[in-house]
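Colleague: Supplied structure: model_1.cif, mmCIF, C-alpha atoms.
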```
data_protein
loop_
_atom_site.group_PDB
_atom_site.id
_atom_site.type_symbol
_atom_site.label_atom_id
_atom_site.label_comp_id
_atom_site.auth_asym_id
_atom_site.auth_seq_id
_atom_site.Cartn_x
_atom_site.Cartn_y
_atom_site.Cartn_z
ATOM 1 C CA MET A 74 2.538 2.763 -2.773
ATOM 2 C CA SER A 75 -0.239 1.868 -0.362
ATOM 3 C CA VAL A 76 -2.736 3.500 1.998
ATOM 4 C CA VAL A 77 -2.596 2.640 5.691
ATOM 5 C CA TYR A 78 -5.923 2.549 7.562
ATOM 6 C CA MET A 79 -6.068 3.097 11.325
ATOM 7 C CA THR A 80 -9.537 1.989 12.432
ATOM 8 C CA LYS A 81 -9.032 1.173 16.129
ATOM 9 C CA ASP A 82 -9.004 3.638 19.041
ATOM 10 C CA THR A 83 -6.300 1.480 20.615
ATOM 11 C CA GLY A 84 -4.067 1.685 17.541
ATOM 12 C CA SER A 85 -0.814 3.598 17.270
ATOM 13 C CA ILE A 86 1.681 4.322 14.542
ATOM 14 C CA HIS A 87 5.241 5.550 14.934
ATOM 15 C CA GLN A 88 8.505 5.538 13.026
ATOM 16 C CA GLU A 89 11.614 3.483 13.693
ATOM 17 C CA GLY A 90 14.377 4.369 11.275
ATOM 18 C CA ASN A 91 12.754 4.344 7.835
ATOM 19 C CA ARG A 92 9.855 2.094 8.814
ATOM 20 C CA LEU A 93 6.296 2.669 9.960
ATOM 21 C CA ILE A 94 5.446 0.547 12.977
ATOM 22 C CA ILE A 95 1.770 -0.158 13.596
ATOM 23 C CA LYS A 96 0.570 -1.464 16.939
ATOM 24 C CA GLU A 97 -2.708 -2.231 18.688
ATOM 25 C CA ASN A 98 -2.893 -2.083 22.467
ATOM 26 C CA GLY A 99 0.881 -1.828 22.414
ATOM 27 C CA THR A 100 1.248 -5.108 20.507
ATOM 28 C CA PHE A 101 3.088 -5.067 17.177
ATOM 29 C CA LEU A 102 0.809 -5.700 14.180
ATOM 30 C CA THR A 103 2.863 -4.867 11.115
ATOM 31 C CA GLY A 104 5.542 -2.630 9.691
ATOM 32 C CA MET A 105 6.446 -1.203 6.300
ATOM 33 C CA PRO A 106 8.925 1.226 4.687
ATOM 34 C CA ILE A 107 7.488 4.694 5.231
ATOM 35 C CA LYS A 108 8.440 5.649 1.663
ATOM 36 C CA ASN A 109 5.819 3.125 0.484
ATOM 37 C CA ALA A 110 3.023 4.887 2.369
ATOM 38 C CA GLU A 111 1.013 7.023 -0.036
ATOM 39 C CA GLY A 112 -1.205 8.072 2.845
ATOM 40 C CA ILE A 113 -2.602 7.267 6.267
ATOM 41 C CA VAL A 114 -6.340 7.311 6.935
ATOM 42 C CA VAL A 115 -7.315 7.626 10.598
ATOM 43 C CA THR A 116 -10.911 6.630 11.308
ATOM 44 C CA SER A 117 -10.522 6.505 15.086
ATOM 45 C CA ASN A 118 -8.701 8.109 18.010
ATOM 46 C CA ALA A 119 -5.495 6.240 17.184
ATOM 47 C CA SER A 120 -2.230 7.986 18.008
ATOM 48 C CA ILE A 121 0.340 9.055 15.394
ATOM 49 C CA SER A 122 3.781 10.274 16.342
ATOM 50 C CA SER A 123 4.955 13.724 15.288
ATOM 51 C CA LYS A 124 7.925 12.084 13.541
ATOM 52 C CA VAL A 125 5.556 10.142 11.275
ATOM 53 C CA ILE A 126 3.661 13.347 10.488
ATOM 54 C CA HIS A 127 6.871 15.227 9.597
ATOM 55 C CA THR A 128 8.156 12.415 7.384
ATOM 56 C CA MET A 129 4.819 11.980 5.582
ATOM 57 C CA LEU A 130 4.591 15.710 4.831
ATOM 58 C CA LYS A 131 8.221 15.887 3.704
ATOM 59 C CA GLN A 132 7.803 13.044 1.206
ATOM 60 C CA GLY A 133 4.542 14.482 -0.173
ATOM 61 C CA SER A 134 2.234 11.933 1.431
ATOM 62 C CA TYR A 135 -0.951 12.736 3.328
ATOM 63 C CA ILE A 136 -2.794 11.980 6.558
ATOM 64 C CA VAL A 137 -6.591 12.112 6.450
ATOM 65 C CA PHE A 138 -8.836 12.140 9.514
ATOM 66 C CA THR A 139 -12.380 10.809 9.219
ATOM 67 C CA ASP A 140 -15.196 9.964 11.599
ATOM 68 C CA TRP A 141 -16.203 6.388 12.488
ATOM 69 C CA GLN A 142 -18.213 6.112 9.245
ATOM 70 C CA GLY A 143 -15.350 7.254 7.061
ATOM 71 C CA ARG A 144 -16.694 10.798 6.595
ATOM 72 C CA TYR A 145 -14.014 13.406 5.975
ATOM 73 C CA GLU A 146 -12.987 15.638 8.886
ATOM 74 C CA GLY A 147 -9.612 17.058 7.885
ATOM 75 C CA ILE A 148 -6.329 16.499 6.086
ATOM 76 C CA LEU A 149 -2.625 17.096 6.608
ATOM 77 C CA CYS A 150 -0.622 17.470 3.396
ATOM 78 C CA ALA A 151 1.927 19.746 1.811
ATOM 79 C CA SER A 152 -0.093 20.664 -1.300
ATOM 80 C CA ARG A 153 -0.892 24.279 -2.174
ATOM 81 C CA SER A 154 -3.400 25.865 -4.520
ATOM 82 C CA ASN A 155 -2.357 26.664 -8.089
ATOM 83 C CA LEU A 156 -2.936 30.389 -8.616
ATOM 84 C CA LYS A 157 -3.786 29.940 -12.315
ATOM 85 C CA MET A 158 -6.401 27.289 -11.527
ATOM 86 C CA VAL A 159 -7.929 29.314 -8.697
ATOM 87 C CA ASN A 160 -8.148 32.435 -10.871
ATOM 88 C CA MET A 161 -9.956 30.379 -13.530
ATOM 89 C CA GLN A 162 -12.427 29.132 -10.923
ATOM 90 C CA MET A 163 -13.096 32.596 -9.527
ATOM 91 C CA LYS A 164 -13.547 34.107 -12.982
ATOM 92 C CA ALA A 165 -15.946 31.358 -14.052
ATOM 93 C CA CYS A 166 -17.990 31.625 -10.850
ATOM 94 C CA SER A 167 -18.681 35.292 -11.582
ATOM 95 C CA ASP A 168 -20.157 34.472 -15.010
ATOM 96 C CA ASP A 169 -23.638 32.908 -14.902
ATOM 97 C CA ALA A 170 -23.323 31.530 -18.427
ATOM 98 C CA LEU A 171 -20.069 29.732 -17.592
ATOM 99 C CA VAL A 172 -21.494 28.412 -14.326
ATOM 100 C CA LEU A 173 -24.425 26.932 -16.233
ATOM 101 C CA GLN A 174 -22.135 25.305 -18.805
ATOM 102 C CA MET A 175 -20.048 23.738 -16.042
ATOM 103 C CA ALA A 176 -23.169 22.528 -14.217
ATOM 104 C CA LYS A 177 -24.438 20.942 -17.437
ATOM 105 C CA TYR A 178 -21.067 19.267 -18.004
ATOM 106 C CA ILE A 179 -21.209 17.678 -14.560
ATOM 107 C CA LEU A 180 -24.837 16.564 -14.881
ATOM 108 C CA GLN A 181 -24.344 15.165 -18.369
ATOM 109 C CA HIS A 182 -21.732 12.819 -16.949
ATOM 110 C CA LYS A 183 -23.798 11.945 -13.888
ATOM 111 C CA ILE A 184 -27.027 11.159 -15.746
ATOM 112 C CA SER A 185 -25.123 9.236 -18.437
ATOM 113 C CA ASN A 186 -23.554 7.118 -15.697
ATOM 114 C CA GLN A 187 -26.975 6.465 -14.156
ATOM 115 C CA ILE A 188 -28.269 5.340 -17.551
ATOM 116 C CA PHE A 189 -25.262 3.048 -17.990
ATOM 117 C CA ILE A 190 -25.927 1.247 -14.708
ATOM 118 C CA LEU A 191 -29.649 0.906 -15.408
ATOM 119 C CA LYS A 192 -29.008 -0.544 -18.870
ATOM 120 C CA LEU A 193 -26.293 -2.850 -17.563
ATOM 121 C CA PHE A 194 -28.547 -4.373 -14.914
ATOM 122 C CA ALA A 195 -31.615 -4.320 -17.165
ATOM 123 C CA LYS A 196 -29.756 -6.794 -19.361
ATOM 124 C CA TYR A 197 -28.375 -8.781 -16.445
ATOM 125 C CA ARG A 198 -31.669 -8.940 -14.514
ATOM 126 C CA LYS A 199 -33.849 -9.061 -17.650
ATOM 127 C CA SER A 200 -35.840 -6.147 -16.200
ATOM 128 C CA ASP A 201 -38.241 -4.139 -18.356
ATOM 129 C CA LYS A 202 -38.685 -1.687 -15.485
ATOM 130 C CA LEU A 203 -34.987 -0.782 -15.561
ATOM 131 C CA LYS A 204 -35.150 -0.347 -19.336
ATOM 132 C CA GLU A 205 -38.116 2.008 -18.974
ATOM 133 C CA VAL A 206 -36.397 4.168 -16.370
ATOM 134 C CA ALA A 207 -33.207 4.251 -18.439
ATOM 135 C CA ALA A 208 -35.258 5.552 -21.373
ATOM 136 C CA ARG A 209 -36.837 8.242 -19.193
ATOM 137 C CA LEU A 210 -33.443 9.340 -17.941
ATOM 138 C CA GLN A 211 -32.237 9.518 -21.539
ATOM 139 C CA ASN A 212 -35.091 11.941 -22.238
ATOM 140 C CA HIS A 213 -34.092 13.999 -19.194
ATOM 141 C CA LEU A 214 -30.504 14.037 -20.435
ATOM 142 C CA GLU A 215 -31.652 15.483 -23.747
ATOM 143 C CA GLN A 216 -33.768 18.085 -21.907
ATOM 144 C CA LEU A 217 -30.681 19.181 -19.969
ATOM 145 C CA GLU A 218 -29.351 21.003 -23.023
ATOM 146 C CA LEU A 219 -32.430 23.230 -22.997
ATOM 147 C CA VAL A 220 -32.368 24.347 -19.342
ATOM 148 C CA ALA A 221 -31.853 28.065 -18.856
ATOM 149 C CA ASP A 222 -30.358 28.281 -15.359
ATOM 150 C CA CYS A 223 -28.732 26.228 -12.617
ATOM 151 C CA ASN A 224 -31.876 25.964 -10.519
ATOM 152 C CA GLU A 225 -33.637 24.271 -13.418
ATOM 153 C CA ALA A 226 -30.638 21.982 -13.902
ATOM 154 C CA ARG A 227 -30.674 21.036 -10.208
ATOM 155 C CA GLY A 228 -34.377 20.294 -10.459
ATOM 156 C CA LEU A 229 -33.740 17.941 -13.356
ATOM 157 C CA GLU A 230 -30.954 16.274 -11.381
ATOM 158 C CA GLY A 231 -33.376 15.682 -8.507
ATOM 159 C CA ILE A 232 -35.937 14.077 -10.819
ATOM 160 C CA CYS A 233 -33.303 11.738 -12.259
ATOM 161 C CA ALA A 234 -32.043 10.738 -8.812
ATOM 162 C CA LYS A 235 -35.572 10.004 -7.594
ATOM 163 C CA GLU A 236 -36.388 7.817 -10.606
ATOM 164 C CA TYR A 237 -32.986 6.094 -10.482
ATOM 165 C CA PHE A 238 -33.164 5.101 -6.827
ATOM 166 C CA ALA A 239 -36.853 4.180 -7.115
ATOM 167 C CA VAL A 240 -35.829 1.061 -9.073
ATOM 168 C CA PHE A 241 -32.721 0.143 -7.100
ATOM 169 C CA ASP A 242 -34.578 -2.872 -5.741
ATOM 170 C CA GLU A 243 -34.475 -4.258 -9.303
ATOM 171 C CA ILE A 244 -30.673 -4.120 -9.212
ATOM 172 C CA ILE A 245 -29.736 -5.594 -5.828
ATOM 173 C CA ASP A 246 -30.101 -9.225 -4.782
ATOM 174 C CA LYS A 247 -33.517 -9.309 -3.094
ATOM 175 C CA LYS A 248 -32.766 -12.647 -1.414
ATOM 176 C CA GLU A 249 -29.957 -11.054 0.594
ATOM 177 C CA PHE A 250 -30.955 -7.386 0.906
ATOM 178 C CA THR A 251 -34.060 -5.198 0.883
ATOM 179 C CA TRP A 252 -34.400 -1.681 -0.514
ATOM 180 C CA LYS A 253 -37.066 0.766 0.645
ATOM 181 C CA GLY A 254 -35.556 3.894 -0.818
ATOM 182 C CA ARG A 255 -32.543 6.127 -0.312
ATOM 183 C CA ASN A 256 -31.781 7.310 3.228
ATOM 184 C CA ARG A 257 -28.642 9.061 4.408
ATOM 185 C CA GLN A 258 -28.199 10.126 8.016
ATOM 186 C CA PRO A 259 -28.672 7.747 9.566
ATOM 187 C CA SER A 260 -28.503 4.893 7.061
ATOM 188 C CA ARG A 261 -31.170 2.386 8.097
ATOM 189 C CA ASP A 262 -30.287 -0.674 6.014
ATOM 190 C CA PRO A 263 -27.156 -2.408 4.658
ATOM 191 C CA VAL A 264 -27.360 -1.092 1.098
ATOM 192 C CA ASN A 265 -27.759 2.537 2.183
ATOM 193 C CA SER A 266 -25.050 2.038 4.787
ATOM 194 C CA LEU A 267 -22.587 0.772 2.184
ATOM 195 C CA LEU A 268 -23.528 3.564 -0.232
ATOM 196 C CA ASN A 269 -22.791 6.109 2.493
ATOM 197 C CA TYR A 270 -19.438 4.504 3.260
ATOM 198 C CA SER A 271 -18.619 4.523 -0.444
ATOM 199 C CA TYR A 272 -19.516 8.196 -0.919
ATOM 200 C CA ALA A 273 -17.455 9.117 2.149
ATOM 201 C CA TYR A 274 -14.410 7.332 0.733
ATOM 202 C CA LEU A 275 -15.003 8.987 -2.646
ATOM 203 C CA GLU A 276 -15.014 12.411 -0.996
ATOM 204 C CA ARG A 277 -11.577 11.714 0.452
ATOM 205 C CA GLU A 278 -10.213 10.716 -2.967
ATOM 206 C CA VAL A 279 -11.697 13.787 -4.651
ATOM 207 C CA ARG A 280 -10.291 16.116 -1.996
ATOM 208 C CA LEU A 281 -6.810 14.677 -2.373
ATOM 209 C CA LEU A 282 -6.863 14.886 -6.162
ATOM 210 C CA THR A 283 -8.254 18.430 -6.321
ATOM 211 C CA LEU A 284 -5.576 19.519 -3.856
ATOM 212 C CA GLY A 285 -2.918 17.827 -5.955
ATOM 213 C CA ILE A 286 -4.101 19.551 -9.124
ATOM 214 C CA GLY A 287 -4.217 22.913 -7.339
ATOM 215 C CA LEU A 288 -7.956 23.611 -7.312
ATOM 216 C CA ASP A 289 -9.720 25.530 -4.552
ATOM 217 C CA GLU A 290 -12.453 23.389 -3.025
ATOM 218 C CA ARG A 291 -14.635 26.405 -2.206
ATOM 219 C CA TYR A 292 -15.451 27.500 -5.778
ATOM 220 C CA GLY A 293 -18.027 25.199 -7.342
ATOM 221 C CA PHE A 294 -20.642 25.426 -10.072
ATOM 222 C CA LEU A 295 -23.508 22.975 -9.616
ATOM 223 C CA HIS A 296 -23.530 23.342 -5.832
ATOM 224 C CA THR A 297 -24.009 26.870 -4.548
ATOM 225 C CA ASN A 298 -21.051 28.830 -3.186
ATOM 226 C CA ASN A 299 -22.575 29.869 0.122
ATOM 227 C CA GLY A 300 -19.453 29.599 2.278
ATOM 228 C CA ARG A 301 -20.894 26.721 4.336
ATOM 229 C CA LYS A 302 -19.525 23.854 2.250
ATOM 230 C CA ASP A 303 -16.725 23.021 -0.153
ATOM 231 C CA SER A 304 -18.860 23.276 -3.264
ATOM 232 C CA LEU A 305 -16.269 22.092 -5.795
ATOM 233 C CA ILE A 306 -15.730 18.819 -3.906
ATOM 234 C CA TYR A 307 -19.410 17.940 -4.133
ATOM 235 C CA ASP A 308 -19.484 19.036 -7.781
ATOM 236 C CA VAL A 309 -16.624 16.703 -8.691
ATOM 237 C CA MET A 310 -18.088 13.837 -6.685
ATOM 238 C CA GLU A 311 -21.139 13.890 -8.957
ATOM 239 C CA LEU A 312 -18.914 12.747 -11.828
ATOM 240 C CA PHE A 313 -18.076 9.532 -9.995
ATOM 241 C CA ARG A 314 -20.968 8.516 -7.731
ATOM 242 C CA GLN A 315 -22.191 5.899 -10.194
ATOM 243 C CA SER A 316 -19.047 5.035 -12.162
ATOM 244 C CA VAL A 317 -16.910 4.483 -9.047
ATOM 245 C CA SER A 318 -18.887 4.361 -5.792
ATOM 246 C CA GLU A 319 -22.138 2.652 -6.755
ATOM 247 C CA ARG A 320 -20.494 0.172 -9.115
ATOM 248 C CA LEU A 321 -18.168 -0.843 -6.287
ATOM 249 C CA VAL A 322 -21.074 -1.264 -3.859
ATOM 250 C CA LEU A 323 -23.023 -3.348 -6.367
ATOM 251 C CA ASN A 324 -19.899 -5.383 -7.101
ATOM 252 C CA CYS A 325 -19.388 -6.122 -3.385
ATOM 253 C CA LEU A 326 -23.019 -7.097 -2.892
ATOM 254 C CA GLY A 327 -23.345 -9.038 -6.139
ATOM 255 C CA ARG A 328 -20.193 -11.075 -5.570
ATOM 256 C CA LYS A 329 -21.155 -11.511 -1.887
ATOM 257 C CA THR A 330 -17.832 -10.031 -0.830
ATOM 258 C CA ILE A 331 -19.886 -8.246 1.827
ATOM 259 C CA LYS A 332 -22.913 -10.057 3.233
ATOM 260 C CA ARG A 333 -25.866 -9.304 5.463
ATOM 261 C CA ASP A 334 -24.073 -10.490 8.598
ATOM 262 C CA ASP A 335 -21.322 -7.903 8.005
ATOM 263 C CA PHE A 336 -23.761 -5.267 9.291
ATOM 264 C CA TYR A 337 -25.399 -4.597 12.637
ATOM 265 C CA MET A 338 -28.029 -2.208 13.959
ATOM 266 C CA ASP A 339 -27.147 0.466 16.530
ATOM 267 C CA GLY A 340 -30.529 1.954 17.360
ATOM 268 C CA ASP A 341 -31.861 3.148 14.016
ATOM 269 C CA LYS A 342 -28.398 3.177 12.385
ATOM 270 C CA CYS A 343 -27.120 0.314 10.228
ATOM 271 C CA LEU A 344 -23.339 -0.003 10.439
ATOM 272 C CA LEU A 345 -20.545 -2.241 9.220
ATOM 273 C CA THR A 346 -19.038 -4.617 11.757
ATOM 274 C CA ASP A 347 -15.264 -4.533 12.303
ATOM 275 C CA ALA A 348 -14.960 -7.565 10.028
ATOM 276 C CA GLY A 349 -17.207 -5.829 7.487
ATOM 277 C CA LYS A 350 -14.997 -2.728 7.547
ATOM 278 C CA ARG A 351 -11.920 -4.830 6.864
ATOM 279 C CA LYS A 352 -13.680 -6.460 3.908
ATOM 280 C CA TRP A 353 -14.795 -3.062 2.651
ATOM 281 C CA ILE A 354 -11.324 -1.506 2.886
ATOM 282 C CA GLU A 355 -9.738 -4.475 1.118
ATOM 283 C CA SER A 356 -12.333 -4.364 -1.683
ATOM 284 C CA TYR A 357 -12.095 -0.592 -1.928
ATOM 285 C CA GLU A 358 -8.306 -0.466 -2.239
ATOM 286 C CA LYS A 359 -8.308 -3.217 -4.857
ATOM 287 C CA TRP A 360 -11.021 -1.375 -6.807
ATOM 288 C CA MET A 361 -9.163 1.948 -6.669
ATOM 289 C CA GLN A 362 -6.046 0.434 -8.213
ATOM 290 C CA SER A 363 -7.899 -0.260 -11.467
ATOM 291 C CA ASP A 364 -7.252 1.974 -14.482
ATOM 292 C CA GLU A 365 -10.923 1.621 -15.433
ATOM 293 C CA HIS A 366 -12.489 3.132 -12.309
ATOM 294 C CA GLY A 367 -9.653 3.771 -9.835
ATOM 295 C CA ARG A 368 -7.481 6.694 -8.833
ATOM 296 C CA SER A 369 -5.903 7.155 -12.268
ATOM 297 C CA TYR A 370 -9.394 7.306 -13.798
ATOM 298 C CA LEU A 371 -10.482 9.899 -11.229
ATOM 299 C CA GLU A 372 -7.448 12.086 -11.858
ATOM 300 C CA LYS A 373 -7.895 11.908 -15.633
ATOM 301 C CA ALA A 374 -11.580 12.887 -15.383
ATOM 302 C CA ILE A 375 -10.838 15.809 -13.032
ATOM 303 C CA ARG A 376 -8.154 17.083 -15.383
ATOM 304 C CA GLU A 377 -10.649 16.826 -18.251
ATOM 305 C CA LEU A 378 -13.050 18.947 -16.185
ATOM 306 C CA CYS A 379 -10.272 21.531 -15.738
ATOM 307 C CA SER A 380 -9.564 21.487 -19.480
ATOM 308 C CA PHE A 381 -13.247 22.068 -20.231
ATOM 309 C CA LEU A 382 -13.259 25.014 -17.820
ATOM 310 C CA GLU A 383 -10.168 26.441 -19.522
ATOM 311 C CA GLN A 384 -11.723 26.037 -22.992
ATOM 312 C CA LEU A 385 -14.827 27.932 -21.910
ATOM 313 C CA GLN A 386 -12.691 30.935 -21.000
ATOM 314 C CA GLU A 387 -10.613 31.049 -24.183
#
```
Any chance you could give the structure as structure tokens?
Modeller:
Amino acid sequence: MSVVYMTKDTGSIHQEGNRLIIKENGTFLTGMPIKNAEGIVVTSNASISSKVIHTMLKQGSYIVFTDWQGRYEGILCASRSNLKMVNMQMKACSDDALVLQMAKYILQHKISNQIFILKLFAKYRKSDKLKEVAARLQNHLEQLELVADCNEARGLEGICAKEYFAVFDEIIDKKEFTWKGRNRQPSRDPVNSLLNYSYAYLEREVRLLTLGIGLDERYGFLHTNNGRKDSLIYDVMELFRQSVSERLVLNCLGRKTIKRDDFYMDGDKCLLTDAGKRKWIESYEKWMQSDEHGRSYLEKAIRELCSFLEQLQE
């Protein structure tokens, strides 16, 4: 099974018999058995025939629409919520003690993953500064057990993130890239740009997996349920930002799979070139096929989160 990416406005995809046919500007690019398509990701104004949509839904595949930076916009799939799972979420969200336990569970994983990366690169870069920050984050992790409410937990998360990203320049290759701190919208340098792409792709994976398991994306724990965002999605993403997204980014930069000339500036925004996007997608799909940090790892970790939630309510 594979994921098909449509990144060109001039692209089109239709079905002939049992095959997907992909074209650009009306010129044939490639084809494949539609049964082998796990999903289609549309990051442009490409056209997709209604026959392709019907077949993808019928076989349990998905079509995801994103913006030009890979940020999620919407999804077409046949999955439905699992009533048992949704009832568990709703019940837990009405209990402050359970919400706090779930928030701690998520942050324990996130901070532990931050510590892992700092220690890994402290050894690789022979950096005392990374060792020191890793030790401070370990202290914060121990303090997490003592916090009394979610606001305090979120405050601790913010402290850890600030200290973690403050030493990111010790991790990346300074000869190729510079780091002046975390920035999001817009991303103003290659490293932040690639981090944003990576988080956007992670969001898509998390949405697909939570749908498949039957969770309702609106009921979260660490992020507030204010009706303006899908809180559970952002909760679950915190489990994987370091272990999946940031490790992939650092792998791409460290191995020079993606280089400085794969980016360009559009005003104050730093973006991947078309060639850079192709490199990123190829690296990303290869990475996500790994049992160590790919889709199977994500699904296992999300199911473990569900099991923890179920245990809390027994």
Colleague: Excluding region 262-269 of chain A and residues on its chain fewer than 4 positions from it, collect all residues at most 7 Å away from it, counting only C-alpha atoms, and give them as a PDB file with C-alpha atoms, in the coordinates of the input.
Modeller:
```pdb
ATOM      1  CA  ARG A 255     -32.543   6.127  -0.312  1.00  0.00           C
ATOM      2  CA  ASN A 256     -31.781   7.310   3.228  1.00  0.00           C
ATOM      3  CA  ARG A 257     -28.642   9.061   4.408  1.00  0.00           C
ATOM      4  CA  ALA A 273     -17.455   9.117   2.149  1.00  0.00           C
ATOM      5  CA  GLU A 319     -22.138   2.652  -6.755  1.00  0.00           C
ATOM      6  CA  VAL A 322     -21.074  -1.264  -3.859  1.00  0.00           C
ATOM      7  CA  PHE A 336     -23.761  -5.267   9.291  1.00  0.00           C
ATOM      8  CA  CYS A 343     -27.120   0.314  10.228  1.00  0.00           C
ATOM      9  CA  LEU A 344     -23.339  -0.003  10.439  1.00  0.00           C
TER      10      LEU A 344
END
```
Colleague: Quick check on the file I pasted: which residues fall under the PyMOL selection byres ((chain A and resi 272) around 12)? Write them as a PDB file with C-alpha atoms, keeping the file's coordinate frame.
Modeller:
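Okay, this is what ended up in selection32.pdb:
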```
ATOM      1  CA  GLN A 142     -18.213   6.112   9.245  1.00  0.00           C
ATOM      2  CA  GLY A 143     -15.350   7.254   7.061  1.00  0.00           C
ATOM      3  CA  ARG A 144     -16.694  10.798   6.595  1.00  0.00           C
ATOM      4  CA  TYR A 145     -14.014  13.406   5.975  1.00  0.00           C
ATOM      5  CA  ARG A 257     -28.642   9.061   4.408  1.00  0.00           C
ATOM      6  CA  ASN A 265     -27.759   2.537   2.183  1.00  0.00           C
ATOM      7  CA  SER A 266     -25.050   2.038   4.787  1.00  0.00           C
ATOM      8  CA  LEU A 267     -22.587   0.772   2.184  1.00  0.00           C
ATOM      9  CA  LEU A 268     -23.528   3.564  -0.232  1.00  0.00           C
ATOM     10  CA  ASN A 269     -22.791   6.109   2.493  1.00  0.00           C
ATOM     11  CA  TYR A 270     -19.438   4.504   3.260  1.00  0.00           C
ATOM     12  CA  SER A 271     -18.619   4.523  -0.444  1.00  0.00           C
ATOM     13  CA  ALA A 273     -17.455   9.117   2.149  1.00  0.00           C
ATOM     14  CA  TYR A 274     -14.410   7.332   0.733  1.00  0.00           C
ATOM     15  CA  LEU A 275     -15.003   8.987  -2.646  1.00  0.00           C
ATOM     16  CA  GLU A 276     -15.014  12.411  -0.996  1.00  0.00           C
ATOM     17  CA  ARG A 277     -11.577  11.714   0.452  1.00  0.00           C
ATOM     18  CA  GLU A 278     -10.213  10.716  -2.967  1.00  0.00           C
ATOM     19  CA  VAL A 279     -11.697  13.787  -4.651  1.00  0.00           C
ATOM     20  CA  ILE A 306     -15.730  18.819  -3.906  1.00  0.00           C
ATOM     21  CA  TYR A 307     -19.410  17.940  -4.133  1.00  0.00           C
ATOM     22  CA  VAL A 309     -16.624  16.703  -8.691  1.00  0.00           C
ATOM     23  CA  MET A 310     -18.088  13.837  -6.685  1.00  0.00           C
ATOM     24  CA  GLU A 311     -21.139  13.890  -8.957  1.00  0.00           C
ATOM     25  CA  LEU A 312     -18.914  12.747 -11.828  1.00  0.00           C
ATOM     26  CA  PHE A 313     -18.076   9.532  -9.995  1.00  0.00           C
ATOM     27  CA  ARG A 314     -20.968   8.516  -7.731  1.00  0.00           C
ATOM     28  CA  GLN A 315     -22.191   5.899 -10.194  1.00  0.00           C
ATOM     29  CA  SER A 316     -19.047   5.035 -12.162  1.00  0.00           C
ATOM     30  CA  VAL A 317     -16.910   4.483  -9.047  1.00  0.00           C
ATOM     31  CA  SER A 318     -18.887   4.361  -5.792  1.00  0.00           C
ATOM     32  CA  GLU A 319     -22.138   2.652  -6.755  1.00  0.00           C
ATOM     33  CA  ARG A 320     -20.494   0.172  -9.115  1.00  0.00           C
ATOM     34  CA  LEU A 321     -18.168  -0.843  -6.287  1.00  0.00           C
ATOM     35  CA  VAL A 322     -21.074  -1.264  -3.859  1.00  0.00           C
ATOM     36  CA  TYR A 357     -12.095  -0.592  -1.928  1.00  0.00           C
TER      37      TYR A 357
END
```
Colleague: Would you please work out which residue, of A:Thr80, A:Thr297, A:Gln362, A:Ser122, is nearest to Ala348 (chain A) when using only C-alpha atoms?
Modeller: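 Distance minimum relative to Ala348 (chain A) lands on A:Thr80.
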Colleague: Between A:Leu214, A:Arg333, A:Cys233, A:Glu372, which residue has the minimum interatomic distance to Glu249 (chain A), considering all atoms listed in the file?
Modeller: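 Checking each of A:Leu214, A:Arg333, A:Cys233, A:Glu372 against Glu249 (chain A), counting all atoms listed in the file, the winner is A:Arg333.
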Colleague: For region 132-150 of chain A, what centre and edge lengths in Å (one decimal) does the axis-aligned box get once 5 Å is added on each side of all its listed atoms, as JSON?
Modeller:
```
{"center_x": -5.2, "center_y": 11.8, "center_z": 6.2, "size_x": 36.0, "size_y": 21.4, "size_z": 22.7}
```
Colleague: Apply the PyMOL selection byres ((chain A and resi 133) around 9) to the displayed file and report the matching residues as a JSON list (two decimals) with C-alpha atoms, keeping the file's coordinate frame.
Modeller:
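File produced: part_23.json:
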```json
[["chain", "number", "residue", "atom", "x", "y", "z"],
["A", 111, "GLU", "CA", 1.01, 7.02, -0.04],
["A", 128, "THR", "CA", 8.16, 12.42, 7.38],
["A", 129, "MET", "CA", 4.82, 11.98, 5.58],
["A", 130, "LEU", "CA", 4.59, 15.71, 4.83],
["A", 131, "LYS", "CA", 8.22, 15.89, 3.70],
["A", 132, "GLN", "CA", 7.80, 13.04, 1.21],
["A", 134, "SER", "CA", 2.23, 11.93, 1.43],
["A", 135, "TYR", "CA", -0.95, 12.74, 3.33],
["A", 150, "CYS", "CA", -0.62, 17.47, 3.40],
["A", 151, "ALA", "CA", 1.93, 19.75, 1.81],
["A", 152, "SER", "CA", -0.09, 20.66, -1.30]]
```
